[in-house]
file data-v4.cif (mmCIF, C-alpha atoms; chains and numbers go by the auth columns)
data_data
loop_
_atom_site.group_PDB
_atom_site.id
_atom_site.type_symbol
_atom_site.label_atom_id
_atom_site.label_comp_id
_atom_site.label_asym_id
_atom_site.label_seq_id
_atom_site.Cartn_x
_atom_site.Cartn_y
_atom_site.Cartn_z
_atom_site.B_iso_or_equiv
_atom_site.auth_seq_id
_atom_site.auth_asym_id
ATOM 1 C CA MET A 1 -10.926 1.646 14.073 0.00 1 B
ATOM 2 C CA LYS A 2 -10.166 0.023 17.471 0.00 2 B
ATOM 3 C CA LYS A 3 -8.828 -3.051 15.668 0.00 3 B
ATOM 4 C CA ILE A 4 -6.606 -0.868 13.452 0.00 4 B
ATOM 5 C CA ILE A 5 -5.204 0.987 16.479 0.00 5 B
ATOM 6 C CA LEU A 6 -4.599 -2.301 18.322 0.00 6 B
ATOM 7 C CA LEU A 7 -2.884 -3.837 15.292 0.00 7 B
ATOM 8 C CA SER A 8 -0.674 -0.779 14.856 0.00 8 B
ATOM 9 C CA THR A 9 0.267 -0.804 18.565 0.00 9 B
ATOM 10 C CA LEU A 10 1.174 -4.497 18.500 0.00 10 B
ATOM 11 C CA TRP A 11 3.233 -3.984 15.359 0.00 11 B
ATOM 12 C CA LEU A 12 5.155 -1.077 16.899 0.00 12 B
ATOM 13 C CA ALA A 13 5.793 -3.152 20.041 0.00 13 B
ATOM 14 C CA ALA A 14 7.138 -5.981 17.879 0.00 14 B
ATOM 15 C CA CYS A 15 9.498 -3.550 16.147 0.00 15 B
ATOM 16 C CA ILE A 16 10.831 -2.334 19.497 0.00 16 B
ATOM 17 C CA LEU A 17 11.309 -5.882 20.798 0.00 17 B
ATOM 18 C CA VAL A 18 13.166 -6.986 17.684 0.00 18 B
ATOM 19 C CA GLN A 19 15.315 -3.877 17.828 0.00 19 B
ATOM 20 C CA ALA A 20 16.175 -4.617 21.457 0.00 20 B
ATOM 21 C CA GLN A 21 17.611 -8.060 20.647 0.00 21 B
ATOM 22 C CA PRO A 22 21.413 -8.228 20.520 0.00 22 B
ATOM 23 C CA SER A 23 23.020 -8.304 17.100 0.00 23 B
ATOM 24 C CA HIS A 24 25.580 -11.054 16.390 0.00 24 B
ATOM 25 C CA GLY A 25 27.347 -9.568 13.397 0.00 25 B
ATOM 26 C CA GLN A 26 26.002 -7.922 10.272 0.00 26 B
ATOM 27 C CA LYS A 27 24.229 -10.076 7.694 0.00 27 B
ATOM 28 C CA GLU A 28 21.993 -9.446 4.720 0.00 28 B
ATOM 29 C CA ARG A 29 18.355 -9.717 5.747 0.00 29 B
ATOM 30 C CA LEU A 30 16.132 -11.027 2.951 0.00 30 B
ATOM 31 C CA PHE A 31 12.659 -10.978 4.539 0.00 31 B
ATOM 32 C CA PHE A 32 10.879 -7.722 5.289 0.00 32 B
ATOM 33 C CA ALA A 33 7.519 -6.563 6.620 0.00 33 B
ATOM 34 C CA SER A 34 5.981 -3.149 7.235 0.00 34 B
ATOM 35 C CA ILE A 35 2.832 -1.358 8.343 0.00 35 B
ATOM 36 C CA SER A 36 1.874 2.097 7.051 0.00 36 B
ATOM 37 C CA GLY A 37 -1.133 4.350 6.744 0.00 37 B
ATOM 38 C CA GLY A 38 -2.278 7.733 5.543 0.00 38 B
ATOM 39 C CA PRO A 39 -4.715 9.584 3.296 0.00 39 B
ATOM 40 C CA ALA A 40 -6.182 8.013 0.154 0.00 40 B
ATOM 41 C CA PHE A 41 -7.013 10.329 -2.742 0.00 41 B
ATOM 42 C CA PRO A 42 -9.784 9.296 -5.171 0.00 42 B
ATOM 43 C CA ILE A 43 -8.991 9.956 -8.834 0.00 43 B
ATOM 44 C CA SER A 44 -11.000 10.561 -12.002 0.00 44 B
ATOM 45 C CA ASP A 45 -14.494 9.003 -12.086 0.00 45 B
ATOM 46 C CA PHE A 46 -14.252 7.799 -8.492 0.00 46 B
ATOM 47 C CA ALA A 47 -13.908 11.394 -7.265 0.00 47 B
ATOM 48 C CA SER A 48 -16.474 12.905 -9.651 0.00 48 B
ATOM 49 C CA ASN A 49 -19.795 14.163 -8.259 0.00 49 B
ATOM 50 C CA ASP A 50 -21.269 15.085 -11.654 0.00 50 B
ATOM 51 C CA LEU A 51 -23.780 12.277 -12.055 0.00 51 B
ATOM 52 C CA ALA A 52 -25.623 14.104 -14.842 0.00 52 B
ATOM 53 C CA GLY A 53 -22.506 14.244 -17.003 0.00 53 B
ATOM 54 C CA ASN A 54 -20.738 11.118 -15.763 0.00 54 B
ATOM 55 C CA SER A 55 -22.593 7.869 -15.114 0.00 55 B
ATOM 56 C CA GLN A 56 -19.437 6.509 -13.417 0.00 56 B
ATOM 57 C CA ALA A 57 -19.315 9.289 -10.806 0.00 57 B
ATOM 58 C CA GLY A 58 -18.329 7.801 -7.446 0.00 58 B
ATOM 59 C CA PHE A 59 -18.713 10.910 -5.233 0.00 59 B
ATOM 60 C CA ALA A 60 -15.726 9.724 -3.140 0.00 60 B
ATOM 61 C CA LYS A 61 -13.973 12.106 -0.763 0.00 61 B
ATOM 62 C CA THR A 62 -10.375 11.843 0.427 0.00 62 B
ATOM 63 C CA GLY A 63 -10.290 8.825 2.692 0.00 63 B
ATOM 64 C CA PHE A 64 -8.001 6.712 4.848 0.00 64 B
ATOM 65 C CA SER A 65 -5.809 3.778 3.860 0.00 65 B
ATOM 66 C CA LEU A 66 -3.918 1.105 5.809 0.00 66 B
ATOM 67 C CA ASN A 67 -1.235 -1.087 4.220 0.00 67 B
ATOM 68 C CA LEU A 68 0.526 -4.206 5.460 0.00 68 B
ATOM 69 C CA GLN A 69 3.409 -5.493 3.349 0.00 69 B
ATOM 70 C CA ALA A 70 5.614 -8.559 3.566 0.00 70 B
ATOM 71 C CA GLY A 71 8.111 -9.885 1.104 0.00 71 B
ATOM 72 C CA TYR A 72 11.339 -11.590 0.201 0.00 72 B
ATOM 73 C CA GLN A 73 14.334 -10.143 -1.621 0.00 73 B
ATOM 74 C CA PHE A 74 16.007 -12.599 -4.015 0.00 74 B
ATOM 75 C CA ASP A 75 19.082 -10.425 -4.473 0.00 75 B
ATOM 76 C CA GLN A 76 20.100 -6.781 -4.172 0.00 76 B
ATOM 77 C CA ASN A 77 17.613 -5.587 -6.803 0.00 77 B
ATOM 78 C CA LEU A 78 14.733 -8.060 -7.155 0.00 78 B
ATOM 79 C CA GLY A 79 12.132 -9.307 -4.733 0.00 79 B
ATOM 80 C CA VAL A 80 8.509 -10.380 -4.343 0.00 80 B
ATOM 81 C CA THR A 81 5.872 -8.616 -2.233 0.00 81 B
ATOM 82 C CA ALA A 82 2.454 -9.410 -0.798 0.00 82 B
ATOM 83 C CA GLN A 83 0.389 -6.385 0.243 0.00 83 B
ATOM 84 C CA PHE A 84 -2.825 -6.224 2.222 0.00 84 B
ATOM 85 C CA MET A 85 -4.687 -2.946 1.774 0.00 85 B
ATOM 86 C CA TYR A 86 -7.744 -1.357 3.338 0.00 86 B
ATOM 87 C CA SER A 87 -9.361 1.954 2.342 0.00 87 B
ATOM 88 C CA MET A 88 -12.522 3.832 3.283 0.00 88 B
ATOM 89 C CA HIS A 89 -13.996 6.927 1.610 0.00 89 B
ATOM 90 C CA GLY A 90 -16.894 9.087 2.689 0.00 90 B
ATOM 91 C CA LEU A 91 -19.086 10.642 0.005 0.00 91 B
ATOM 92 C CA GLN A 92 -19.496 14.250 -1.108 0.00 92 B
ATOM 93 C CA LEU A 93 -23.079 14.434 -2.383 0.00 93 B
ATOM 94 C CA GLY A 94 -23.196 18.186 -3.015 0.00 94 B
ATOM 95 C CA ASP A 95 -26.582 19.334 -4.308 0.00 95 B
ATOM 96 C CA TYR A 96 -28.027 15.818 -3.888 0.00 96 B
ATOM 97 C CA ALA A 97 -27.666 16.133 -0.115 0.00 97 B
ATOM 98 C CA ALA A 98 -29.840 19.251 -0.220 0.00 98 B
ATOM 99 C CA LEU A 99 -32.557 17.130 -1.850 0.00 99 B
ATOM 100 C CA GLY A 100 -32.560 14.738 1.126 0.00 100 B
ATOM 101 C CA ILE A 101 -30.290 12.034 -0.295 0.00 101 B
ATOM 102 C CA GLN A 102 -27.739 10.462 2.055 0.00 102 B
ATOM 103 C CA ALA A 103 -25.097 7.779 1.495 0.00 103 B
ATOM 104 C CA ASP A 104 -22.514 6.387 3.890 0.00 104 B
ATOM 105 C CA HIS A 105 -19.206 5.308 2.286 0.00 105 B
ATOM 106 C CA TRP A 106 -17.156 3.226 -0.093 0.00 106 B
ATOM 107 C CA GLN A 107 -14.736 0.772 1.444 0.00 107 B
ATOM 108 C CA TYR A 108 -12.603 -2.101 0.250 0.00 108 B
ATOM 109 C CA TYR A 109 -9.871 -4.446 1.367 0.00 109 B
ATOM 110 C CA GLY A 110 -7.743 -6.875 -0.569 0.00 110 B
ATOM 111 C CA LEU A 111 -4.551 -8.819 -1.060 0.00 111 B
ATOM 112 C CA ALA A 112 -2.190 -8.383 -4.012 0.00 112 B
ATOM 113 C CA VAL A 113 1.086 -10.119 -4.886 0.00 113 B
ATOM 114 C CA GLY A 114 3.806 -9.342 -7.387 0.00 114 B
ATOM 115 C CA PRO A 115 7.436 -8.410 -8.102 0.00 115 B
ATOM 116 C CA ARG A 116 9.390 -5.617 -6.417 0.00 116 B
ATOM 117 C CA LEU A 117 12.373 -3.831 -7.978 0.00 117 B
ATOM 118 C CA VAL A 118 14.807 -2.513 -5.368 0.00 118 B
ATOM 119 C CA MET A 119 17.117 0.380 -6.249 0.00 119 B
ATOM 120 C CA PRO A 120 19.666 1.336 -3.564 0.00 120 B
ATOM 121 C CA ILE A 121 20.142 5.117 -3.548 0.00 121 B
ATOM 122 C CA SER A 122 22.678 5.303 -0.729 0.00 122 B
ATOM 123 C CA ASP A 123 23.709 3.396 2.381 0.00 123 B
ATOM 124 C CA LYS A 124 20.558 4.634 4.108 0.00 124 B
ATOM 125 C CA PHE A 125 17.946 4.954 1.336 0.00 125 B
ATOM 126 C CA LYS A 126 16.336 2.380 -0.937 0.00 126 B
ATOM 127 C CA LEU A 127 13.653 2.994 -3.572 0.00 127 B
ATOM 128 C CA ASP A 128 11.233 0.127 -4.269 0.00 128 B
ATOM 129 C CA LEU A 129 9.018 -0.121 -7.358 0.00 129 B
ATOM 130 C CA LYS A 130 6.217 -2.704 -7.375 0.00 130 B
ATOM 131 C CA ALA A 131 3.522 -4.042 -9.701 0.00 131 B
ATOM 132 C CA LEU A 132 0.949 -6.243 -7.954 0.00 132 B
ATOM 133 C CA GLY A 133 -2.299 -7.987 -8.754 0.00 133 B
ATOM 134 C CA GLY A 134 -4.857 -9.727 -6.573 0.00 134 B
ATOM 135 C CA ILE A 135 -8.401 -9.848 -5.213 0.00 135 B
ATOM 136 C CA ALA A 136 -10.336 -7.091 -3.431 0.00 136 B
ATOM 137 C CA ARG A 137 -13.593 -7.134 -1.508 0.00 137 B
ATOM 138 C CA VAL A 138 -15.522 -3.939 -2.265 0.00 138 B
ATOM 139 C CA ASN A 139 -18.458 -2.426 -0.349 0.00 139 B
ATOM 140 C CA SER A 140 -20.919 -0.116 -2.147 0.00 140 B
ATOM 141 C CA PRO A 141 -22.658 2.675 -0.173 0.00 141 B
ATOM 142 C CA GLN A 142 -26.087 2.391 1.356 0.00 142 B
ATOM 143 C CA VAL A 143 -28.263 5.152 -0.101 0.00 143 B
ATOM 144 C CA SER A 144 -31.184 6.759 1.766 0.00 144 B
ATOM 145 C CA TYR A 145 -33.795 9.404 1.025 0.00 145 B
ATOM 146 C CA LEU A 146 -34.965 11.470 3.994 0.00 146 B
ATOM 147 C CA ALA A 147 -33.375 8.882 6.312 0.00 147 B
ATOM 148 C CA THR A 148 -35.286 6.011 4.638 0.00 148 B
ATOM 149 C CA PRO A 149 -33.024 3.408 2.947 0.00 149 B
ATOM 150 C CA ILE A 150 -33.699 3.127 -0.793 0.00 150 B
ATOM 151 C CA LEU A 151 -30.632 1.157 -1.900 0.00 151 B
ATOM 152 C CA GLU A 152 -28.851 -1.462 0.176 0.00 152 B
ATOM 153 C CA GLN A 153 -25.084 -1.769 0.462 0.00 153 B
ATOM 154 C CA GLN A 154 -23.392 -4.741 -1.160 0.00 154 B
ATOM 155 C CA TRP A 155 -20.057 -6.542 -0.893 0.00 155 B
ATOM 156 C CA VAL A 156 -18.548 -8.040 -4.056 0.00 156 B
ATOM 157 C CA ASN A 157 -15.226 -9.511 -5.162 0.00 157 B
ATOM 158 C CA SER A 158 -13.128 -7.850 -7.847 0.00 158 B
ATOM 159 C CA PHE A 159 -9.626 -7.916 -9.335 0.00 159 B
ATOM 160 C CA ILE A 160 -7.298 -5.201 -8.014 0.00 160 B
ATOM 161 C CA MET A 161 -4.196 -3.860 -9.752 0.00 161 B
ATOM 162 C CA ASN A 162 -1.634 -1.973 -7.690 0.00 162 B
ATOM 163 C CA VAL A 163 1.436 -0.143 -8.929 0.00 163 B
ATOM 164 C CA GLY A 164 3.463 1.941 -6.525 0.00 164 B
ATOM 165 C CA MET A 165 6.743 2.933 -4.983 0.00 165 B
ATOM 166 C CA ASP A 166 8.182 2.942 -1.468 0.00 166 B
ATOM 167 C CA LEU A 167 11.120 4.932 -0.155 0.00 167 B
ATOM 168 C CA ARG A 168 12.842 3.196 2.746 0.00 168 B
ATOM 169 C CA TYR A 169 15.151 4.909 5.223 0.00 169 B
ATOM 170 C CA LEU A 170 17.302 2.382 7.059 0.00 170 B
ATOM 171 C CA LEU A 171 17.625 3.173 10.747 0.00 171 B
ATOM 172 C CA ASN A 172 19.945 0.185 11.151 0.00 172 B
ATOM 173 C CA ASP A 173 20.286 -3.317 9.686 0.00 173 B
ATOM 174 C CA ARG A 174 16.800 -4.313 10.936 0.00 174 B
ATOM 175 C CA LEU A 175 14.514 -1.344 11.374 0.00 175 B
ATOM 176 C CA TYR A 176 13.440 1.115 8.677 0.00 176 B
ATOM 177 C CA LEU A 177 10.994 3.923 8.050 0.00 177 B
ATOM 178 C CA VAL A 178 8.937 3.797 4.872 0.00 178 B
ATOM 179 C CA ALA A 179 7.019 6.379 2.846 0.00 179 B
ATOM 180 C CA GLY A 180 5.030 5.217 -0.143 0.00 180 B
ATOM 181 C CA ALA A 181 2.502 6.052 -2.826 0.00 181 B
ATOM 182 C CA ASP A 182 0.246 3.499 -4.542 0.00 182 B
ATOM 183 C CA PHE A 183 -2.228 3.527 -7.397 0.00 183 B
ATOM 184 C CA TYR A 184 -5.155 1.099 -7.111 0.00 184 B
ATOM 185 C CA ASN A 185 -7.423 0.197 -10.001 0.00 185 B
ATOM 186 C CA ILE A 186 -10.594 -1.804 -9.255 0.00 186 B
ATOM 187 C CA LYS A 187 -13.743 -2.302 -11.362 0.00 187 B
ATOM 188 C CA PRO A 188 -16.329 -4.103 -9.220 0.00 188 B
ATOM 189 C CA ASN A 189 -19.683 -5.176 -10.664 0.00 189 B
ATOM 190 C CA PHE A 190 -22.643 -4.719 -8.309 0.00 190 B
ATOM 191 C CA HIS A 191 -26.072 -6.332 -8.438 0.00 191 B
ATOM 192 C CA LEU A 192 -27.968 -3.595 -6.579 0.00 192 B
ATOM 193 C CA VAL A 193 -31.144 -4.280 -4.614 0.00 193 B
ATOM 194 C CA ASN A 194 -33.564 -1.718 -3.212 0.00 194 B
ATOM 195 C CA ALA A 195 -34.576 -1.706 0.455 0.00 195 B
ATOM 196 C CA GLU A 196 -37.761 -3.687 -0.222 0.00 196 B
ATOM 197 C CA GLY A 197 -35.936 -6.269 -2.330 0.00 197 B
ATOM 198 C CA THR A 198 -38.429 -5.753 -5.179 0.00 198 B
ATOM 199 C CA ALA A 199 -36.153 -4.154 -7.784 0.00 199 B
ATOM 200 C CA THR A 200 -32.604 -4.791 -8.887 0.00 200 B
ATOM 201 C CA ALA A 201 -30.039 -3.216 -11.206 0.00 201 B
ATOM 202 C CA THR A 202 -26.471 -3.916 -12.270 0.00 202 B
ATOM 203 C CA ALA A 203 -23.721 -1.320 -12.115 0.00 203 B
ATOM 204 C CA THR A 204 -19.946 -1.159 -12.560 0.00 204 B
ATOM 205 C CA GLN A 205 -17.939 1.367 -10.568 0.00 205 B
ATOM 206 C CA LYS A 206 -14.442 2.395 -11.652 0.00 206 B
ATOM 207 C CA ILE A 207 -12.360 2.862 -8.517 0.00 207 B
ATOM 208 C CA ASN A 208 -9.054 4.647 -9.043 0.00 208 B
ATOM 209 C CA ASP A 209 -7.444 5.443 -5.722 0.00 209 B
ATOM 210 C CA MET A 210 -4.038 6.844 -4.704 0.00 210 B
ATOM 211 C CA PRO A 211 -3.081 6.201 -1.059 0.00 211 B
ATOM 212 C CA VAL A 212 -0.038 8.017 0.339 0.00 212 B
ATOM 213 C CA SER A 213 1.363 6.461 3.499 0.00 213 B
ATOM 214 C CA ILE A 214 4.143 6.506 6.069 0.00 214 B
ATOM 215 C CA GLY A 215 5.067 3.744 8.457 0.00 215 B
ATOM 216 C CA ILE A 216 7.663 1.448 9.960 0.00 216 B
ATOM 217 C CA GLY A 217 9.146 -1.868 8.914 0.00 217 B
ATOM 218 C CA ILE A 218 11.474 -4.687 9.926 0.00 218 B
ATOM 219 C CA ALA A 219 13.987 -6.704 7.905 0.00 219 B
ATOM 220 C CA PHE A 220 14.815 -10.163 9.252 0.00 220 B
#

call {"tool": "encode", "arguments": {"input": "data-v4.cif", "output": "structure tokens"}}
result
Amino acid sequence: MKKIILLSTLWLAACILVQAQPSHGQKERLFFASISGGPAFPISDFASNDLAGNSQAGFAKTGFSLNLQAGYQFDQNLGVTAQFMYSMHGLQLGDYAALGIQADHWQYYGLAVGPRLVMPISDKFKLDLKALGGIARVNSPQVSYLATPILEQQWVNSFIMNVGMDLRYLLNDRLYLVAGADFYNIKPNFHLVNAEGTATATATQKINDMPVSIGIGIAF
């Protein structure tokens, strides 16, 4: 969390410094970058806590997401975007917690790249639609029973698909505010190991996540 706060502070300072530079005439700025964050809402199996009726139940609670975007606009309507994303979700164990079962969290980070469609709405507003694909690094929860670990956490690589939209409000020719919604789809395969390392199992978790974020960006 300290690193996220530091990164956000440095980014905001960079925005202010760029904004403070004198402008030598208006020109179209083709490169852009932004930082945004907000809640991330688990969807479908990822949010389910009905393990008896759903073997894909992820028990995920509403979490937190951070997004860093950078891209290039080829013309008024078409561009390319690279997006770094990070999300963390606590778990809602319900009746299982009453039985003495604890688990920490899901978390993942990744990088996705793809096209961006830009639709100017007015002189101040632009709507961006994006479809991205890339690689994510996903962390499964550590599971304990009566404070004794019974299943170790694991990090694995997986393909991530991201479709989303961003609404940009142009403060001037450089600085803009952005509000966005994304849909992430990840299906990591885990090779699970118990705390003693004597038993293993394989499992696939469907992660469908919808982060909603607000932030600030720069065109240059």

call {"tool": "atom_distance", "arguments": {"input": "data-v4.cif", "atom1": "CA of Gln154 in chain B", "atom2": "CA of Ala70 in chain B"}}
result
29.6 Å

call {"tool": "residues_around", "arguments": {"input": "data-v4.cif", "residues": "range 144-153 of chain B", "least_positions_apart": "2", "cutoff": "8 Å", "atoms": "all atoms listed in the file", "output": "list in words"}}
result
Gly100, Ile101, Gln102, Ala103, Asn139, Ser140, Pro141, Gln142, Trp155, Leu192, Val193, Asn194, Ala195 and Glu196 of chain B

call {"tool": "resolve_selection", "arguments": {"input": "data-v4.cif", "expression": "the PyMOL selection byres ((chain B and resi 84-92) around 7)", "output": "ChimeraX atom specification"}}
result
/B:59-69,82-83,93-94,103-112

call {"tool": "closest_residue", "arguments": {"input": "data-v4.cif", "among": "B:Gly53, B:Gly134, B:Pro211, B:Gly58", "to": "Met161 in chain B", "atoms": "all atoms listed in the file"}}
result
B:Gly134

call {"tool": "residues_around", "arguments": {"input": "data-v4.cif", "residues": "Leu117 in chain B", "least_positions_apart": "6", "cutoff": "8 Å", "atoms": "all atoms listed in the file", "output": "ChimeraX atom specification"}}
result
/B:77-79,128-130

call {"tool": "closest_residue", "arguments": {"input": "data-v4.cif", "among": "B:Asn189, B:Ser36, B:Gln56, B:Ser44", "to": "Val212 in chain B", "atoms": "only C-alpha atoms"}}
result
B:Ser36

call {"tool": "resolve_selection", "arguments": {"input": "data-v4.cif", "expression": "the PyMOL selection byres ((chain B and resi 215) around 10)", "output": "list in words"}}
result
Ser8, Leu12, Ser34, Ile35, Ser36, Gly37, Gly38, Leu66, Asn67, Leu68, Arg168, Tyr176, Leu177, Val178, Ala179, Gly180, Ser213, Ile214, Ile216 and Gly217 of chain B

call {"tool": "write_last_selection", "arguments": {"input": "data-v4.cif", "atoms": "C-alpha atoms", "output": "tab-separated table (two decimals), in the coordinates of the input"}}
result
chain	number	residue	atom	x	y	z
B	8	SER	CA	-0.67	-0.78	14.86
B	12	LEU	CA	5.16	-1.08	16.90
B	34	SER	CA	5.98	-3.15	7.24
B	35	ILE	CA	2.83	-1.36	8.34
B	36	SER	CA	1.87	2.10	7.05
B	37	GLY	CA	-1.13	4.35	6.74
B	38	GLY	CA	-2.28	7.73	5.54
B	66	LEU	CA	-3.92	1.10	5.81
B	67	ASN	CA	-1.24	-1.09	4.22
B	68	LEU	CA	0.53	-4.21	5.46
B	168	ARG	CA	12.84	3.20	2.75
B	176	TYR	CA	13.44	1.12	8.68
B	177	LEU	CA	10.99	3.92	8.05
B	178	VAL	CA	8.94	3.80	4.87
B	179	ALA	CA	7.02	6.38	2.85
B	180	GLY	CA	5.03	5.22	-0.14
B	213	SER	CA	1.36	6.46	3.50
B	214	ILE	CA	4.14	6.51	6.07
B	216	ILE	CA	7.66	1.45	9.96
B	217	GLY	CA	9.15	-1.87	8.91

call {"tool": "residues_around", "arguments": {"input": "data-v4.cif", "residues": "Phe32 in chain B", "least_positions_apart": "2", "cutoff": "8 Å", "atoms": "only C-alpha atoms", "output": "number ranges by chain"}}
result
B: 29-30, 34, 70-72, 217-220

call {"tool": "resolve_selection", "arguments": {"input": "data-v4.cif", "expression": "the PyMOL selection byres ((chain B and resi 204) around 7)", "output": "PyMOL selection string"}}
result
chain B and resi 187-190+203+205-206

call {"tool": "closest_residue", "arguments": {"input": "data-v4.cif", "among": "B:Tyr96, B:Leu175, B:Asp123, B:Ser55", "to": "Ala33 in chain B", "atoms": "all atoms listed in the file"}}
result
B:Leu175

call {"tool": "atom_distance", "arguments": {"input": "data-v4.cif", "atom1": "CA of Ile121 in chain B", "atom2": "CA of Asp166 in chain B"}}
result
12.3 Å

call {"tool": "residues_around", "arguments": {"input": "data-v4.cif", "residues": "Ile160 in chain B", "least_positions_apart": "6", "cutoff": "7 Å", "atoms": "only C-alpha atoms", "output": "JSON, numbers by chain"}}
result
{"B": [133, 134, 135, 136, 184, 185, 186]}

call {"tool": "closest_residue", "arguments": {"input": "data-v4.cif", "among": "B:Ala40, B:Val143, B:Ile207, B:Val138", "to": "Val156 in chain B", "atoms": "all atoms listed in the file"}}
result
B:Val138

call {"tool": "atom_distance", "arguments": {"input": "data-v4.cif", "atom1": "CA of Ser122 in chain B", "atom2": "CA of Gln76 in chain B"}}
result
12.8 Å

call {"tool": "closest_residue", "arguments": {"input": "data-v4.cif", "among": "B:Ala181, B:Ala52, B:Ile43, B:Leu170", "to": "Lys124 in chain B", "atoms": "only C-alpha atoms"}}
result
B:Leu170
